[in-house]
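Enquirer: This is run31.txt, which holds compact mmCIF, C-alpha atoms:
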# COMPACT_ATOMS: atom_id res chain seq x y z
CA MET A 1 -15.52 -14.84 -38.98
CA ASN A 2 -12.03 -13.96 -37.95
CA ILE A 3 -11.02 -12.20 -34.74
CA GLU A 4 -9.79 -9.07 -36.54
CA PHE A 5 -13.21 -8.44 -38.04
CA ILE A 6 -14.93 -8.91 -34.68
CA SER A 7 -12.43 -6.67 -32.90
CA SER A 8 -12.92 -3.93 -35.50
CA LEU A 9 -16.63 -3.87 -34.64
CA ILE A 10 -16.27 -3.53 -30.87
CA ILE A 11 -15.78 0.26 -30.68
CA PRO A 12 -18.64 1.07 -33.11
CA PHE A 13 -20.88 -1.37 -31.19
CA ILE A 14 -20.07 0.31 -27.86
CA MET A 15 -20.74 3.76 -29.36
CA LEU A 16 -24.07 2.58 -30.76
CA ALA A 17 -25.09 0.99 -27.46
CA VAL A 18 -24.21 4.13 -25.48
CA SER A 19 -26.11 6.30 -27.98
CA LEU A 20 -29.21 4.12 -27.67
CA ILE A 21 -29.03 4.21 -23.88
CA VAL A 22 -28.62 8.00 -23.84
CA LEU A 23 -31.61 8.44 -26.15
CA SER A 24 -33.76 6.32 -23.85
CA PRO A 25 -36.79 8.29 -22.62
CA LYS A 26 -36.71 6.68 -19.16
CA LYS A 27 -34.03 8.92 -17.71
CA ASN A 28 -32.24 12.10 -18.74
CA TYR A 29 -28.72 10.75 -19.16
CA PHE A 30 -27.35 13.93 -20.67
CA ASP A 31 -28.06 15.84 -17.46
CA GLU A 32 -26.34 13.06 -15.51
CA PHE A 33 -23.34 13.39 -17.83
CA LEU A 34 -23.21 17.14 -17.21
CA ILE A 35 -23.32 16.61 -13.44
CA GLY A 36 -20.44 14.14 -13.70
CA ALA A 37 -18.44 16.51 -15.90
CA LYS A 38 -18.99 19.33 -13.39
CA GLU A 39 -17.76 17.12 -10.51
CA GLY A 40 -14.73 16.08 -12.58
CA ALA A 41 -13.84 19.70 -13.33
CA TYR A 42 -14.22 20.56 -9.64
CA SER A 43 -11.90 17.69 -8.64
CA ALA A 44 -9.32 18.74 -11.24
CA PHE A 45 -9.44 22.33 -9.97
CA ASN A 46 -8.88 21.16 -6.38
CA LEU A 47 -5.90 19.02 -7.42
CA LEU A 48 -4.18 21.86 -9.26
CA PRO A 49 -2.15 23.24 -6.30
CA THR A 50 -0.85 19.74 -5.47
CA LEU A 51 0.19 19.12 -9.06
CA ILE A 52 1.91 22.50 -9.38
CA ALA A 53 3.90 21.90 -6.19
CA LEU A 54 4.90 18.44 -7.44
CA ILE A 55 6.06 19.77 -10.82
CA VAL A 56 8.10 22.57 -9.22
CA ALA A 57 9.75 20.20 -6.75
CA LEU A 58 10.60 17.72 -9.51
CA SER A 59 12.09 20.44 -11.71
CA MET A 60 14.27 21.64 -8.83
CA PHE A 61 15.35 18.06 -8.05
CA SER A 62 16.31 17.34 -11.65
CA ALA A 63 18.06 20.66 -12.27
CA SER A 64 20.15 20.42 -9.09
CA GLY A 65 22.06 17.36 -10.26
CA ALA A 66 20.85 15.35 -7.27
CA VAL A 67 19.96 12.34 -9.45
CA ASP A 68 23.54 11.92 -10.66
CA PHE A 69 24.95 12.46 -7.17
CA ILE A 70 22.63 9.87 -5.58
CA ALA A 71 23.31 7.39 -8.41
CA GLU A 72 27.05 7.73 -7.88
CA LEU A 73 26.66 7.07 -4.13
CA LEU A 74 24.43 4.01 -4.57
CA ALA A 75 26.30 2.31 -7.45
CA PRO A 76 28.51 0.06 -5.27
CA VAL A 77 25.56 -1.07 -3.15
CA CYS A 78 23.42 -1.92 -6.19
CA SER A 79 26.20 -3.87 -7.86
CA ALA A 80 26.71 -5.89 -4.68
CA ILE A 81 23.04 -6.92 -4.47
CA GLY A 82 22.61 -7.82 -8.15
CA VAL A 83 20.89 -4.72 -9.47
CA PRO A 84 22.76 -3.17 -12.42
CA SER A 85 24.10 0.23 -11.45
CA GLU A 86 23.07 1.47 -14.91
CA LEU A 87 19.48 1.43 -13.65
CA LEU A 88 20.05 4.00 -10.90
CA PRO A 89 18.97 7.14 -12.81
CA LEU A 90 15.77 5.31 -13.77
CA LEU A 91 15.20 3.99 -10.25
CA ILE A 92 15.68 7.42 -8.70
CA THR A 93 13.37 9.24 -11.11
CA ARG A 94 10.65 6.56 -11.48
CA PRO A 95 8.93 7.18 -8.12
CA VAL A 96 8.79 10.91 -8.77
CA SER A 97 8.13 11.49 -12.47
CA GLY A 98 6.94 9.32 -15.31
CA SER A 99 8.36 11.62 -17.99
CA ALA A 100 11.77 11.86 -16.29
CA ALA A 101 11.77 8.08 -15.92
CA SER A 102 10.89 7.68 -19.60
CA SER A 103 13.80 9.92 -20.49
CA ALA A 104 16.16 7.93 -18.25
CA TYR A 105 14.80 4.70 -19.75
CA LEU A 106 15.41 5.87 -23.33
CA ASP A 107 18.89 7.06 -22.38
CA LEU A 108 19.65 3.66 -20.81
CA LEU A 109 18.43 1.81 -23.91
CA SER A 110 20.46 4.01 -26.23
CA LYS A 111 23.65 3.55 -24.15
CA TYR A 112 23.43 -0.17 -23.31
CA GLY A 113 20.90 -1.58 -25.78
CA ALA A 114 17.52 -3.17 -25.32
CA ASP A 115 18.98 -6.68 -25.12
CA SER A 116 21.47 -5.89 -22.35
CA PHE A 117 20.68 -7.08 -18.83
CA ALA A 118 20.19 -3.48 -17.69
CA GLY A 119 17.85 -2.86 -20.64
CA LEU A 120 15.83 -5.97 -19.87
CA CYS A 121 15.53 -5.05 -16.17
CA ALA A 122 14.56 -1.49 -17.08
CA SER A 123 11.89 -2.74 -19.49
CA VAL A 124 10.32 -4.94 -16.81
CA ILE A 125 10.43 -2.07 -14.30
CA MET A 126 8.88 0.43 -16.72
CA GLY A 127 6.16 -2.01 -17.69
CA SER A 128 5.20 -2.91 -14.15
CA SER A 129 5.61 0.22 -12.04
CA ASP A 130 4.18 3.69 -11.65
CA THR A 131 5.17 7.05 -10.22
CA LEU A 132 4.62 6.70 -6.48
CA ILE A 133 4.76 10.34 -5.41
CA TYR A 134 2.43 11.45 -8.19
CA VAL A 135 -0.10 8.70 -7.52
CA ILE A 136 -0.08 9.32 -3.76
CA ALA A 137 -0.38 13.10 -4.27
CA VAL A 138 -3.23 12.85 -6.75
CA TYR A 139 -5.29 10.13 -5.09
CA PHE A 140 -4.89 11.35 -1.53
CA GLY A 141 -5.24 14.96 -2.66
CA ALA A 142 -8.55 14.11 -4.32
CA VAL A 143 -9.98 12.86 -1.02
CA SER A 144 -8.15 15.42 1.17
CA VAL A 145 -5.95 12.96 3.07
CA LYS A 146 -3.05 14.88 4.65
CA LYS A 147 -1.14 12.17 6.54
CA THR A 148 0.50 9.89 3.97
CA ARG A 149 3.59 8.96 5.97
CA HIS A 150 2.80 5.26 6.29
CA THR A 151 1.54 5.05 2.73
CA SER A 152 4.73 6.56 1.33
CA PHE A 153 6.96 4.30 3.41
CA THR A 154 5.03 1.19 2.40
CA ALA A 155 5.00 2.20 -1.26
CA PHE A 156 8.79 2.66 -1.24
CA ILE A 157 9.32 -0.73 0.42
CA VAL A 158 7.13 -2.36 -2.22
CA MET A 159 9.02 -0.48 -4.93
CA LEU A 160 12.35 -1.82 -3.63
CA PHE A 161 10.94 -5.35 -3.61
CA CYS A 162 9.71 -4.88 -7.17
CA ILE A 163 13.15 -3.72 -8.32
CA PHE A 164 14.72 -6.92 -7.02
CA LEU A 165 11.87 -8.99 -8.45
CA SER A 166 12.17 -7.28 -11.85
CA CYS A 167 15.89 -8.04 -12.00
CA ALA A 168 15.23 -11.65 -10.93
CA ILE A 169 12.57 -12.03 -13.64
CA ALA A 170 14.89 -10.55 -16.26
CA ARG A 171 17.72 -12.84 -15.11
CA THR A 172 15.49 -15.94 -15.08
CA PHE A 173 13.53 -15.50 -18.28
CA PHE A 174 15.66 -13.38 -20.57
CA THR A 175 19.33 -14.21 -19.96
I need this file expressed as structure tokens, please.
Expert:
Amino acid sequence: MNIEFISSLIIPFIMLAVSLIVLSPKKNYFDEFLIGAKEGAYSAFNLLPTLIALIVALSMFSASGAVDFIAELLAPVCSAIGVPSELLPLLITRPVSGSAASSAYLDLLSKYGADSFAGLCASVIMGSSDTLIYVIAVYFGAVSVKKTRHTSFTAFIVMLFCIFLSCAIARTFFT
């Protein structure tokens, strides 16, 4: 038996196992599923104001031209510490928006190429990071935590460390 055949059977096996468990007469699993779905819908409804505020703020930030202005200011500093200045639009948008970061990433790859040092660093960053503001807003909003000052500060420090580490990894393994 080869691994492809076995892997093609995993999803049908899981579906069959779940179906057999749900049909078990010991417990009413369908009612449990409905309770879980109701709680999920309630959580999503409670997160809606936070998500709307985040989307509006991001749209205003992007439309104002602030990303380009900040990138222009930080370019000399980044070049001095070994981070390609071409990454700045990606680094500014990544903590705030995954879709804006994906757009900046695709723009960077089309301008400089996937095999350039900036492209390699950007690929490592995109593969190993997430949107900080969104994650903090969603997770803390779900449990009604209001004071995220220390969390945000720590997350940004870790993000800065990861930027340097991503560039070091790209420099060590790919160039």
Enquirer: Report, in Å to a single decimal, how far apart atom CA of A:Ala53 and atom CA of A:Ser144 are.
Expert: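 Going from atom CA of A:Ser144 over to atom CA of A:Ala53, I get 15.5 Å.
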Enquirer: Leaving out A:Thr172 and any residue of its chain fewer than 5 positions from it, which residues lie within 12 Å of it when counting only C-alpha atoms, given as a list in words?
Expert: Phe117, Leu120, Cys121, Leu165, Ser166 and Cys167 of chain A
Enquirer: Each residue of stretch 13-59 of chain A lying at most 9 Å from stretch 94-110 of chain A should get a row with its shortest atom-to-atom pair and the distance in Å to one decimal, counting only C-alpha atoms; could you produce that, ordered by chain and increasing number, as a Markdown table?
Expert:
| residue | atom | partner | partner_atom | distance |
| --- | --- | --- | --- | --- |
| A:Leu54 | CA | A:Val96 | CA | 8.6 |
| A:Ile55 | CA | A:Ser97 | CA | 8.7 |
| A:Leu58 | CA | A:Val96 | CA | 7.1 |
Enquirer: Find the residues around stretch 69-77 of chain A up to 7 Å (only C-alpha atoms counted), leave out those fewer than 5 positions away in its own chain, and share them as a PyMOL selection string.
Expert: chain A and resi 85+88-89
Enquirer: Which is closest to A:Ile163 among A:Ile35, A:Leu9, A:Leu91, A:Leu51, if we use all atoms listed in the file?
Expert: A:Leu91
Enquirer: Could you tell me how far atom CA of A:Phe161 sits from atom CA of A:Ile81, in Å to one decimal place?
Expert: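 Computing it gives 12.2 Å between the two atoms.
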Enquirer: Using all atoms listed in the file, pick whichever of A:Phe174, A:Phe5, A:Phe13, A:Phe30 has the shortest atom-to-atom distance to A:Ala114.
Expert: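 Checking each candidate against A:Ala114, we get A:Phe174 as the closest.
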Enquirer: Taking all atoms of stretch 25-35 of chain A that appear in the file, build a box with edges along x, y and z, extend it by 6 Å on every side, and state its centre and edge lengths in Å to one decimal, as lines of an AutoDock Vina configuration file.
Expert:
center_x = -30.0
center_y = 11.9
center_z = -18.0
size_x = 25.6
size_y = 22.5
size_z = 21.2
Enquirer: For atom CA of A:Met126 and atom CA of A:Leu90, quote the distance in Å rounded to one decimal.
Expert: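 A separation of 8.9 Å between them.
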Enquirer: Let me make sure I understand: among A:Tyr42, A:Val124, A:Asp31, A:Gly36, which one has the smallest atom-to-atom distance to A:Phe173 if we use all atoms listed in the file?
Expert: A:Val124
